[in-house]
Amino acid sequence: MIDRPLLVRGPRLGRRAFAAGAVALAGAGTARAQAMLPLKIGVLLPKTGVQAFFGQSCQRGADIAPALLPELGYQARFELMNADTETNVDTARARAEKLINDGAHVLVGPFDSGAAGAIAQVAEQRGVPFVINIAAAPQITEQGYKFVFRNFPTSGMLVTNGFSLMKDMFAATGAMPKTAVFMHVNDTFGQANRAAIERLFPSFNMPFRILDTIAYDPAARDLSVEVAKAKATQAELLMVVARLNDAILLVREMVKQRWEPMGIVSPGSPGMYEEQFFTSLGKYSEFIVSNVPWYNPRSEVANLLAQAFKKQFPNDRMIGHIFNVGFTFEAVLGAVDAYQRARSTDGKALAEALRATRIEKHVMVGGPIAFDAKGQNIAIGSAALQNRNGEPRVVLPATAAEATPVFPIPGWTKRG
Amino acid sequence: MTDWAGRMAGDAPPRALPLLAALLAALLVLPAIVDSYVLSIAILVLYFAYVGQAWNIMMGFAGQLSLGHSLYVGLGAYASAVLFVHHGVAPWIGAFAAIGAAIAAAAIIGALAFRFGIAGVYFALLTIAFAEFTRIGFDHFPWIGGSGGLFLPVARHGESEFWMLRGPPVMFYYVILSMAAMAFAMCRLLMVGRIGYYWRALREDEDAARALGIDIFRYKMLAILISSAMTAPAGVFFAFYYNTLFPEQIFSMLRSIELILGPIIGGLGTLFGPILGAFVLTVLAEVLNEVLAALGWEIPGARQVFYGLCLLVVVMYLPEGIWPALARRLGLERRR
């Protein structure tokens, strides 16, 4: 549904040197920007249905923008017009039409490739720019659209980044596993990852061979057979694509069977950096590595975002939302940045400005926010998160690292 | 032709035909007077009216509860989309493959169920099972995109937009309007024909129908085959209107439920029930959204709650659905 717009008026001076710099960059355009009409940003997210948690989490990223962007030097006025896609492609398309009818100048969202595909067509037909926050299907930016921009890695980029980080970790620690076993949850997500890994692995010249690939049921209550099979390969590295519950089961079983490979690494899956993973496994959750898109803890914007999040949502831990919040905030940031440069709410002018985007200082790991000719940001990176002291800590890339990677990891019995 | 028209008019009340003509005229001029948002809602209403009409043949006419009709939508969508993406086959041709795929699946389900006496909730479970394992199968079939989805190329320059269904929403509106009108006419013909009477006989009392000499297996098979063949083009429409297909979405149980809510609320076994149900659920849910937005309330899930309330009210107070009661009030009951 569409709620009342939230209007951000007038400038608030930024704080500290970063904000001052950004204000200076915005420079002479400020006075004119204030005179412009507010940019209406239609935010489409699945706030009900099976993706409700993620949609609501993303919404926090958009909700923070009105307070934070002026602090970052963005003086342009903007309104958020929120809509619920209900985790449904039909609804996503209808909501997009509705938002544009109600005056949205740019669309942001929608945390789902199917919905993104449907909204993209509406955006293209109506000449309204659409900035995708989260949706990994590569085809979305392969359609020749002129008004669609994506600030999120494609599924191929995710696996590619994951493999690169593995290599970086081996180089940084000087430890090279010669063999690996790949275990994955046998569902849509696990199968998609397996396919991408099988496709990309041969071209990556990794230092290890994959001895075996073991799939397991996502609803499994016992992984003793699978873990025994993996252990029997005597692989030095365990690559795993898991969800939360099976990841917990898997590690418990490894401890029980005293299987201690050099490391446990996910080339790009959730589960092993989530809060419940830490609370369920305690010291056994430590040192496991997940290579995923993540916020850059060394980024000043990310730190300001963290402060704003804490202020606006004091009962939530940002670490549990950072992925969704970070990318959604960046999508709104991209739209407002384009508006400030375009000085117009016209769709074509905004699309041209988006095409010329180059935002150096932002939240997530990777290069500047910029879009190629297809509208894809190809500079988005992943971070290697290693579980340390009950929290996921960025250990790579070095430019974003909070700690140095530990590899090989300590055995189960050597953890105090 | 006269005989055909006579059968169509049949026992319809005198007021019905002018009203139907007026409704059709209004629908024909609708794109000229509404904006693109209302048009997109109208497309949704007509889409659900169409698939509701197709499902109504199974449940409303023949009394066979199918909870897996998303199977035929999905098969239709994938068959036509795959032919288009991999071989450049136009959807109008692909629709025949879509119908063929749906009929083949329906023939297997029907033969299994009706030959071995699987009925009632067990038949419903069987239809769910087929939709589910088809979904899982499609998830692991890379040639059609697997779980990563199948994306139809949106631009096909140099070819007729209509022939390739690559046009604007107005074109899709007239396509789905034609489909809904044809489905209505076909259901009317089926309803007033011998087959319609046989279906209703076996719906009311299978044993009595058998005792009267009706070949139960044959007419149940005809119901599932016709219903699936009618549902498949809805999948073709879905594929080319949305241009993205994900097994998890198109074969899902939720989609099956979504398809059947219209006829249940509108009136099972009636011709206008699926249309009215689709209108009530889609349009009133949008109006509800508008009212809430005007009040400044953001209530996630309001639409789902509204659907639940509609179902509750209909089950409690209008067990035949909205249309029979409305028809009585409007004097549109069938002549006896």
# chains A, B, ... in the order shown; residues from 1 in each chain; ligands from 1

$ interface_residues --of "chain B" --to "chain A" --cutoff "6 Å" --atoms "only C-alpha atoms" --output "list in words"
Tyr37, Ser147, Tyr242, Asn289, Ala293, Gly296, Glu298, Pro300 and Gly301 of chain B

$ select_by_dssp --residues "stretch 143-324 of chain B" --states "strand (DSSP E or B)" --output "list of chain:residue names"
B:Leu150, B:Phe151, B:Thr244, B:Leu245

$ write_last_selection --atoms "N, CA and C atoms" --output "PDB file, in the first residue's frame"
ATOM      1  N   LEU B 150      13.399 -17.818 -16.170  1.00  0.00           N
ATOM      2  CA  LEU B 150      13.470 -17.659 -17.629  1.00  0.00           C
ATOM      3  C   LEU B 150      12.996 -16.239 -17.962  1.00  0.00           C
ATOM      4  N   PHE B 151      13.855 -15.501 -18.623  1.00  0.00           N
ATOM      5  CA  PHE B 151      13.536 -14.113 -18.970  1.00  0.00           C
ATOM      6  C   PHE B 151      13.284 -14.019 -20.469  1.00  0.00           C
ATOM      7  N   THR B 244       8.915 -12.631 -17.216  1.00  0.00           N
ATOM      8  CA  THR B 244       9.822 -13.376 -16.339  1.00  0.00           C
ATOM      9  C   THR B 244       9.067 -14.576 -15.773  1.00  0.00           C
ATOM     10  N   LEU B 245       9.731 -15.707 -15.747  1.00  0.00           N
ATOM     11  CA  LEU B 245       9.100 -16.906 -15.201  1.00  0.00           C
ATOM     12  C   LEU B 245      10.034 -17.561 -14.197  1.00  0.00           C
TER      13      LEU B 245
END

$ residues_around --residues "stretch 295-298 of chain A" --least-positions-apart "6" --cutoff "7 Å" --atoms "only C-alpha atoms" --output "ChimeraX atom specification"
/A:322,326,363-365,400

$ residues_around --residues "B:Glu206" --least-positions-apart "5" --cutoff "12 Å" --atoms "only C-alpha atoms" --output "PDB file with C-alpha atoms, in the first residue's frame"
ATOM      1  CA  ALA B  62     -18.062 -31.157 -12.829  1.00  0.00           C
ATOM      2  CA  GLY B  63     -17.483 -30.991  -9.067  1.00  0.00           C
ATOM      3  CA  GLN B  64     -13.809 -32.009  -9.163  1.00  0.00           C
ATOM      4  CA  GLY B 117     -11.363 -43.792  -8.150  1.00  0.00           C
ATOM      5  CA  ALA B 119     -11.854 -38.393  -5.598  1.00  0.00           C
ATOM      6  CA  GLY B 120     -12.561 -35.501  -3.253  1.00  0.00           C
ATOM      7  CA  TYR B 198     -23.914 -34.493 -17.558  1.00  0.00           C
ATOM      8  CA  TRP B 199     -21.258 -32.643 -15.584  1.00  0.00           C
ATOM      9  CA  ARG B 200     -23.816 -31.154 -13.241  1.00  0.00           C
ATOM     10  CA  ALA B 201     -25.415 -34.542 -12.812  1.00  0.00           C
ATOM     11  CA  ALA B 211     -27.150 -45.196 -12.807  1.00  0.00           C
ATOM     12  CA  LEU B 212     -28.611 -42.939 -15.493  1.00  0.00           C
ATOM     13  CA  GLY B 213     -26.008 -44.190 -17.932  1.00  0.00           C
ATOM     14  CA  ILE B 214     -23.529 -41.341 -17.883  1.00  0.00           C
ATOM     15  CA  ASP B 215     -19.977 -42.484 -18.548  1.00  0.00           C
ATOM     16  CA  ILE B 216     -18.420 -40.955 -15.440  1.00  0.00           C
ATOM     17  CA  PHE B 217     -14.787 -41.541 -16.423  1.00  0.00           C
ATOM     18  CA  TYR B 219     -17.013 -36.888 -18.623  1.00  0.00           C
ATOM     19  CA  LYS B 220     -14.578 -36.345 -15.790  1.00  0.00           C
TER      20      LYS B 220
END

$ select_by_dssp --residues "stretch 213-296 of chain A" --states "alpha helix (DSSP H)" --output "list in words"
Ser224, Val225, Glu226, Val227, Ala228, Lys229, Ala230, Lys231, Ala232, Leu244, Asn245, Asp246, Ala247, Ile248, Leu249, Leu250, Val251, Arg252, Glu253, Met254, Val255, Lys256, Glu275, Gln276, Phe277, Phe278, Thr279, Ser280 and Leu281 of chain A

$ write_last_selection --atoms "N, CA and C atoms" --output "PDB file, in the first residue's frame"
ATOM      1  N   SER A 224      24.902 -36.659   9.800  1.00  0.00           N
ATOM      2  CA  SER A 224      26.054 -37.489  10.162  1.00  0.00           C
ATOM      3  C   SER A 224      26.609 -38.245   8.947  1.00  0.00           C
ATOM      4  N   VAL A 225      25.724 -38.762   8.103  1.00  0.00           N
ATOM      5  CA  VAL A 225      26.192 -39.528   6.940  1.00  0.00           C
ATOM      6  C   VAL A 225      26.947 -38.618   5.966  1.00  0.00           C
ATOM      7  N   GLU A 226      26.366 -37.453   5.708  1.00  0.00           N
ATOM      8  CA  GLU A 226      26.979 -36.520   4.753  1.00  0.00           C
ATOM      9  C   GLU A 226      28.338 -36.036   5.266  1.00  0.00           C
ATOM     10  N   VAL A 227      28.394 -35.736   6.550  1.00  0.00           N
ATOM     11  CA  VAL A 227      29.663 -35.246   7.110  1.00  0.00           C
ATOM     12  C   VAL A 227      30.706 -36.370   7.109  1.00  0.00           C
ATOM     13  N   ALA A 228      30.267 -37.587   7.419  1.00  0.00           N
ATOM     14  CA  ALA A 228      31.208 -38.721   7.392  1.00  0.00           C
ATOM     15  C   ALA A 228      31.759 -38.918   5.982  1.00  0.00           C
ATOM     16  N   LYS A 229      30.893 -38.774   5.013  1.00  0.00           N
ATOM     17  CA  LYS A 229      31.302 -38.925   3.619  1.00  0.00           C
ATOM     18  C   LYS A 229      32.305 -37.826   3.242  1.00  0.00           C
ATOM     19  N   ALA A 230      32.016 -36.618   3.660  1.00  0.00           N
ATOM     20  CA  ALA A 230      32.920 -35.495   3.356  1.00  0.00           C
ATOM     21  C   ALA A 230      34.263 -35.690   4.053  1.00  0.00           C
ATOM     22  N   LYS A 231      34.203 -36.144   5.304  1.00  0.00           N
ATOM     23  CA  LYS A 231      35.433 -36.361   6.066  1.00  0.00           C
ATOM     24  C   LYS A 231      36.299 -37.434   5.397  1.00  0.00           C
ATOM     25  N   ALA A 232      35.610 -38.457   4.869  1.00  0.00           N
ATOM     26  CA  ALA A 232      36.339 -39.569   4.250  1.00  0.00           C
ATOM     27  C   ALA A 232      37.129 -39.140   3.016  1.00  0.00           C
ATOM     28  N   LEU A 244      20.646 -21.292   7.408  1.00  0.00           N
ATOM     29  CA  LEU A 244      21.004 -21.181   8.822  1.00  0.00           C
ATOM     30  C   LEU A 244      20.939 -22.512   9.570  1.00  0.00           C
ATOM     31  N   ASN A 245      19.790 -23.162   9.528  1.00  0.00           N
ATOM     32  CA  ASN A 245      19.605 -24.347  10.365  1.00  0.00           C
ATOM     33  C   ASN A 245      20.544 -25.482   9.976  1.00  0.00           C
ATOM     34  N   ASP A 246      20.687 -25.707   8.679  1.00  0.00           N
ATOM     35  CA  ASP A 246      21.551 -26.795   8.246  1.00  0.00           C
ATOM     36  C   ASP A 246      23.019 -26.459   8.509  1.00  0.00           C
ATOM     37  N   ALA A 247      23.364 -25.176   8.477  1.00  0.00           N
ATOM     38  CA  ALA A 247      24.745 -24.783   8.780  1.00  0.00           C
ATOM     39  C   ALA A 247      25.075 -25.128  10.232  1.00  0.00           C
ATOM     40  N   ILE A 248      24.106 -24.908  11.118  1.00  0.00           N
ATOM     41  CA  ILE A 248      24.312 -25.237  12.543  1.00  0.00           C
ATOM     42  C   ILE A 248      24.485 -26.753  12.702  1.00  0.00           C
ATOM     43  N   LEU A 249      23.592 -27.500  12.054  1.00  0.00           N
ATOM     44  CA  LEU A 249      23.675 -28.969  12.114  1.00  0.00           C
ATOM     45  C   LEU A 249      25.023 -29.472  11.603  1.00  0.00           C
ATOM     46  N   LEU A 250      25.437 -28.873  10.513  1.00  0.00           N
ATOM     47  CA  LEU A 250      26.671 -29.298   9.843  1.00  0.00           C
ATOM     48  C   LEU A 250      27.883 -29.119  10.768  1.00  0.00           C
ATOM     49  N   VAL A 251      27.974 -27.951  11.376  1.00  0.00           N
ATOM     50  CA  VAL A 251      29.139 -27.687  12.241  1.00  0.00           C
ATOM     51  C   VAL A 251      29.085 -28.587  13.480  1.00  0.00           C
ATOM     52  N   ARG A 252      27.898 -28.757  14.044  1.00  0.00           N
ATOM     53  CA  ARG A 252      27.765 -29.647  15.210  1.00  0.00           C
ATOM     54  C   ARG A 252      28.270 -31.049  14.876  1.00  0.00           C
ATOM     55  N   GLU A 253      27.883 -31.511  13.694  1.00  0.00           N
ATOM     56  CA  GLU A 253      28.278 -32.854  13.294  1.00  0.00           C
ATOM     57  C   GLU A 253      29.787 -32.935  13.061  1.00  0.00           C
ATOM     58  N   MET A 254      30.351 -31.867  12.516  1.00  0.00           N
ATOM     59  CA  MET A 254      31.807 -31.845  12.298  1.00  0.00           C
ATOM     60  C   MET A 254      32.542 -31.923  13.628  1.00  0.00           C
ATOM     61  N   VAL A 255      32.026 -31.205  14.615  1.00  0.00           N
ATOM     62  CA  VAL A 255      32.656 -31.233  15.945  1.00  0.00           C
ATOM     63  C   VAL A 255      32.550 -32.648  16.512  1.00  0.00           C
ATOM     64  N   LYS A 256      31.343 -33.226  16.373  1.00  0.00           N
ATOM     65  CA  LYS A 256      31.099 -34.566  16.903  1.00  0.00           C
ATOM     66  C   LYS A 256      32.043 -35.583  16.258  1.00  0.00           C
ATOM     67  N   GLU A 275      22.982 -14.151  13.511  1.00  0.00           N
ATOM     68  CA  GLU A 275      23.055 -14.107  14.969  1.00  0.00           C
ATOM     69  C   GLU A 275      22.796 -15.467  15.611  1.00  0.00           C
ATOM     70  N   GLN A 276      21.812 -16.167  15.083  1.00  0.00           N
ATOM     71  CA  GLN A 276      21.458 -17.448  15.692  1.00  0.00           C
ATOM     72  C   GLN A 276      22.577 -18.478  15.532  1.00  0.00           C
ATOM     73  N   PHE A 277      23.359 -18.316  14.493  1.00  0.00           N
ATOM     74  CA  PHE A 277      24.502 -19.208  14.288  1.00  0.00           C
ATOM     75  C   PHE A 277      25.484 -19.061  15.448  1.00  0.00           C
ATOM     76  N   PHE A 278      25.707 -17.823  15.850  1.00  0.00           N
ATOM     77  CA  PHE A 278      26.639 -17.567  16.961  1.00  0.00           C
ATOM     78  C   PHE A 278      26.065 -18.062  18.283  1.00  0.00           C
ATOM     79  N   THR A 279      24.781 -17.764  18.515  1.00  0.00           N
ATOM     80  CA  THR A 279      24.203 -18.146  19.805  1.00  0.00           C
ATOM     81  C   THR A 279      24.069 -19.670  19.923  1.00  0.00           C
ATOM     82  N   SER A 280      23.831 -20.348  18.801  1.00  0.00           N
ATOM     83  CA  SER A 280      23.663 -21.806  18.860  1.00  0.00           C
ATOM     84  C   SER A 280      24.991 -22.532  19.008  1.00  0.00           C
ATOM     85  N   LEU A 281      26.020 -22.020  18.387  1.00  0.00           N
ATOM     86  CA  LEU A 281      27.279 -22.777  18.322  1.00  0.00           C
ATOM     87  C   LEU A 281      28.379 -22.245  19.241  1.00  0.00           C
TER      88      LEU A 281
END

$ decode --residues "stretch 356-383 of chain A" --atoms "N, CA and C atoms" --output "PDB file, in the first residue's frame"
ATOM      1  N   ALA A 356      25.507   8.839 -15.578  1.00  0.00           N
ATOM      2  CA  ALA A 356      26.774   9.540 -15.307  1.00  0.00           C
ATOM      3  C   ALA A 356      27.156   9.474 -13.824  1.00  0.00           C
ATOM      4  N   THR A 357      26.475   8.621 -13.068  1.00  0.00           N
ATOM      5  CA  THR A 357      26.722   8.548 -11.614  1.00  0.00           C
ATOM      6  C   THR A 357      28.152   8.113 -11.310  1.00  0.00           C
ATOM      7  N   ARG A 358      28.719   8.743 -10.322  1.00  0.00           N
ATOM      8  CA  ARG A 358      29.988   8.271  -9.774  1.00  0.00           C
ATOM      9  C   ARG A 358      30.037   8.722  -8.307  1.00  0.00           C
ATOM     10  N   ILE A 359      29.623   7.832  -7.436  1.00  0.00           N
ATOM     11  CA  ILE A 359      29.587   8.155  -6.012  1.00  0.00           C
ATOM     12  C   ILE A 359      30.744   7.424  -5.343  1.00  0.00           C
ATOM     13  N   GLU A 360      31.721   8.166  -4.971  1.00  0.00           N
ATOM     14  CA  GLU A 360      32.943   7.576  -4.403  1.00  0.00           C
ATOM     15  C   GLU A 360      32.701   7.077  -2.982  1.00  0.00           C
ATOM     16  N   LYS A 361      31.987   7.888  -2.220  1.00  0.00           N
ATOM     17  CA  LYS A 361      31.810   7.560  -0.804  1.00  0.00           C
ATOM     18  C   LYS A 361      30.422   6.977  -0.587  1.00  0.00           C
ATOM     19  N   HIS A 362      30.415   5.707  -0.267  1.00  0.00           N
ATOM     20  CA  HIS A 362      29.128   5.034  -0.088  1.00  0.00           C
ATOM     21  C   HIS A 362      29.269   3.958   0.975  1.00  0.00           C
ATOM     22  N   VAL A 363      28.306   3.035   1.027  1.00  0.00           N
ATOM     23  CA  VAL A 363      28.208   2.129   2.180  1.00  0.00           C
ATOM     24  C   VAL A 363      28.876   0.769   1.938  1.00  0.00           C
ATOM     25  N   MET A 364      28.591   0.158   0.806  1.00  0.00           N
ATOM     26  CA  MET A 364      28.967  -1.243   0.618  1.00  0.00           C
ATOM     27  C   MET A 364      30.389  -1.384   0.075  1.00  0.00           C
ATOM     28  N   VAL A 365      30.940  -2.568   0.265  1.00  0.00           N
ATOM     29  CA  VAL A 365      32.291  -2.856  -0.229  1.00  0.00           C
ATOM     30  C   VAL A 365      32.287  -2.803  -1.758  1.00  0.00           C
ATOM     31  N   GLY A 366      33.336  -2.242  -2.312  1.00  0.00           N
ATOM     32  CA  GLY A 366      33.455  -2.177  -3.773  1.00  0.00           C
ATOM     33  C   GLY A 366      33.850  -0.791  -4.230  1.00  0.00           C
ATOM     34  N   GLY A 367      33.948  -0.650  -5.534  1.00  0.00           N
ATOM     35  CA  GLY A 367      34.350   0.628  -6.108  1.00  0.00           C
ATOM     36  C   GLY A 367      33.234   1.648  -6.044  1.00  0.00           C
ATOM     37  N   PRO A 368      33.436   2.784  -6.676  1.00  0.00           N
ATOM     38  CA  PRO A 368      32.404   3.826  -6.674  1.00  0.00           C
ATOM     39  C   PRO A 368      31.100   3.323  -7.285  1.00  0.00           C
ATOM     40  N   ILE A 369      30.005   3.881  -6.834  1.00  0.00           N
ATOM     41  CA  ILE A 369      28.728   3.519  -7.468  1.00  0.00           C
ATOM     42  C   ILE A 369      28.717   4.168  -8.847  1.00  0.00           C
ATOM     43  N   ALA A 370      28.688   3.358  -9.858  1.00  0.00           N
ATOM     44  CA  ALA A 370      28.658   3.842 -11.244  1.00  0.00           C
ATOM     45  C   ALA A 370      27.989   2.755 -12.077  1.00  0.00           C
ATOM     46  N   PHE A 371      27.352   3.150 -13.160  1.00  0.00           N
ATOM     47  CA  PHE A 371      26.621   2.178 -13.971  1.00  0.00           C
ATOM     48  C   PHE A 371      27.213   2.094 -15.366  1.00  0.00           C
ATOM     49  N   ASP A 372      27.316   0.871 -15.876  1.00  0.00           N
ATOM     50  CA  ASP A 372      27.821   0.717 -17.245  1.00  0.00           C
ATOM     51  C   ASP A 372      26.690   0.996 -18.244  1.00  0.00           C
ATOM     52  N   ALA A 373      26.968   0.771 -19.511  1.00  0.00           N
ATOM     53  CA  ALA A 373      25.986   1.110 -20.546  1.00  0.00           C
ATOM     54  C   ALA A 373      24.678   0.341 -20.374  1.00  0.00           C
ATOM     55  N   LYS A 374      24.767  -0.839 -19.733  1.00  0.00           N
ATOM     56  CA  LYS A 374      23.558  -1.645 -19.529  1.00  0.00           C
ATOM     57  C   LYS A 374      22.809  -1.248 -18.258  1.00  0.00           C
ATOM     58  N   GLY A 375      23.405  -0.369 -17.469  1.00  0.00           N
ATOM     59  CA  GLY A 375      22.775   0.039 -16.221  1.00  0.00           C
ATOM     60  C   GLY A 375      23.226  -0.787 -15.028  1.00  0.00           C
ATOM     61  N   GLN A 376      24.262  -1.595 -15.204  1.00  0.00           N
ATOM     62  CA  GLN A 376      24.742  -2.466 -14.124  1.00  0.00           C
ATOM     63  C   GLN A 376      25.950  -1.824 -13.439  1.00  0.00           C
ATOM     64  N   ASN A 377      25.943  -1.832 -12.120  1.00  0.00           N
ATOM     65  CA  ASN A 377      27.140  -1.423 -11.380  1.00  0.00           C
ATOM     66  C   ASN A 377      28.067  -2.637 -11.314  1.00  0.00           C
ATOM     67  N   ILE A 378      29.164  -2.563 -12.030  1.00  0.00           N
ATOM     68  CA  ILE A 378      30.060  -3.735 -12.077  1.00  0.00           C
ATOM     69  C   ILE A 378      31.184  -3.632 -11.049  1.00  0.00           C
ATOM     70  N   ALA A 379      31.155  -2.593 -10.229  1.00  0.00           N
ATOM     71  CA  ALA A 379      32.241  -2.405  -9.261  1.00  0.00           C
ATOM     72  C   ALA A 379      31.884  -2.923  -7.866  1.00  0.00           C
ATOM     73  N   ILE A 380      30.714  -3.533  -7.735  1.00  0.00           N
ATOM     74  CA  ILE A 380      30.321  -4.015  -6.400  1.00  0.00           C
ATOM     75  C   ILE A 380      31.168  -5.226  -6.033  1.00  0.00           C
ATOM     76  N   GLY A 381      31.679  -5.216  -4.840  1.00  0.00           N
ATOM     77  CA  GLY A 381      32.514  -6.322  -4.406  1.00  0.00           C
ATOM     78  C   GLY A 381      31.830  -7.166  -3.353  1.00  0.00           C
ATOM     79  N   SER A 382      32.553  -8.154  -2.874  1.00  0.00           N
ATOM     80  CA  SER A 382      32.107  -8.927  -1.709  1.00  0.00           C
ATOM     81  C   SER A 382      33.171  -8.767  -0.638  1.00  0.00           C
ATOM     82  N   ALA A 383      32.792  -9.083   0.569  1.00  0.00           N
ATOM     83  CA  ALA A 383      33.758  -9.059   1.668  1.00  0.00           C
ATOM     84  C   ALA A 383      33.882 -10.468   2.223  1.00  0.00           C
TER      85      ALA A 383
END
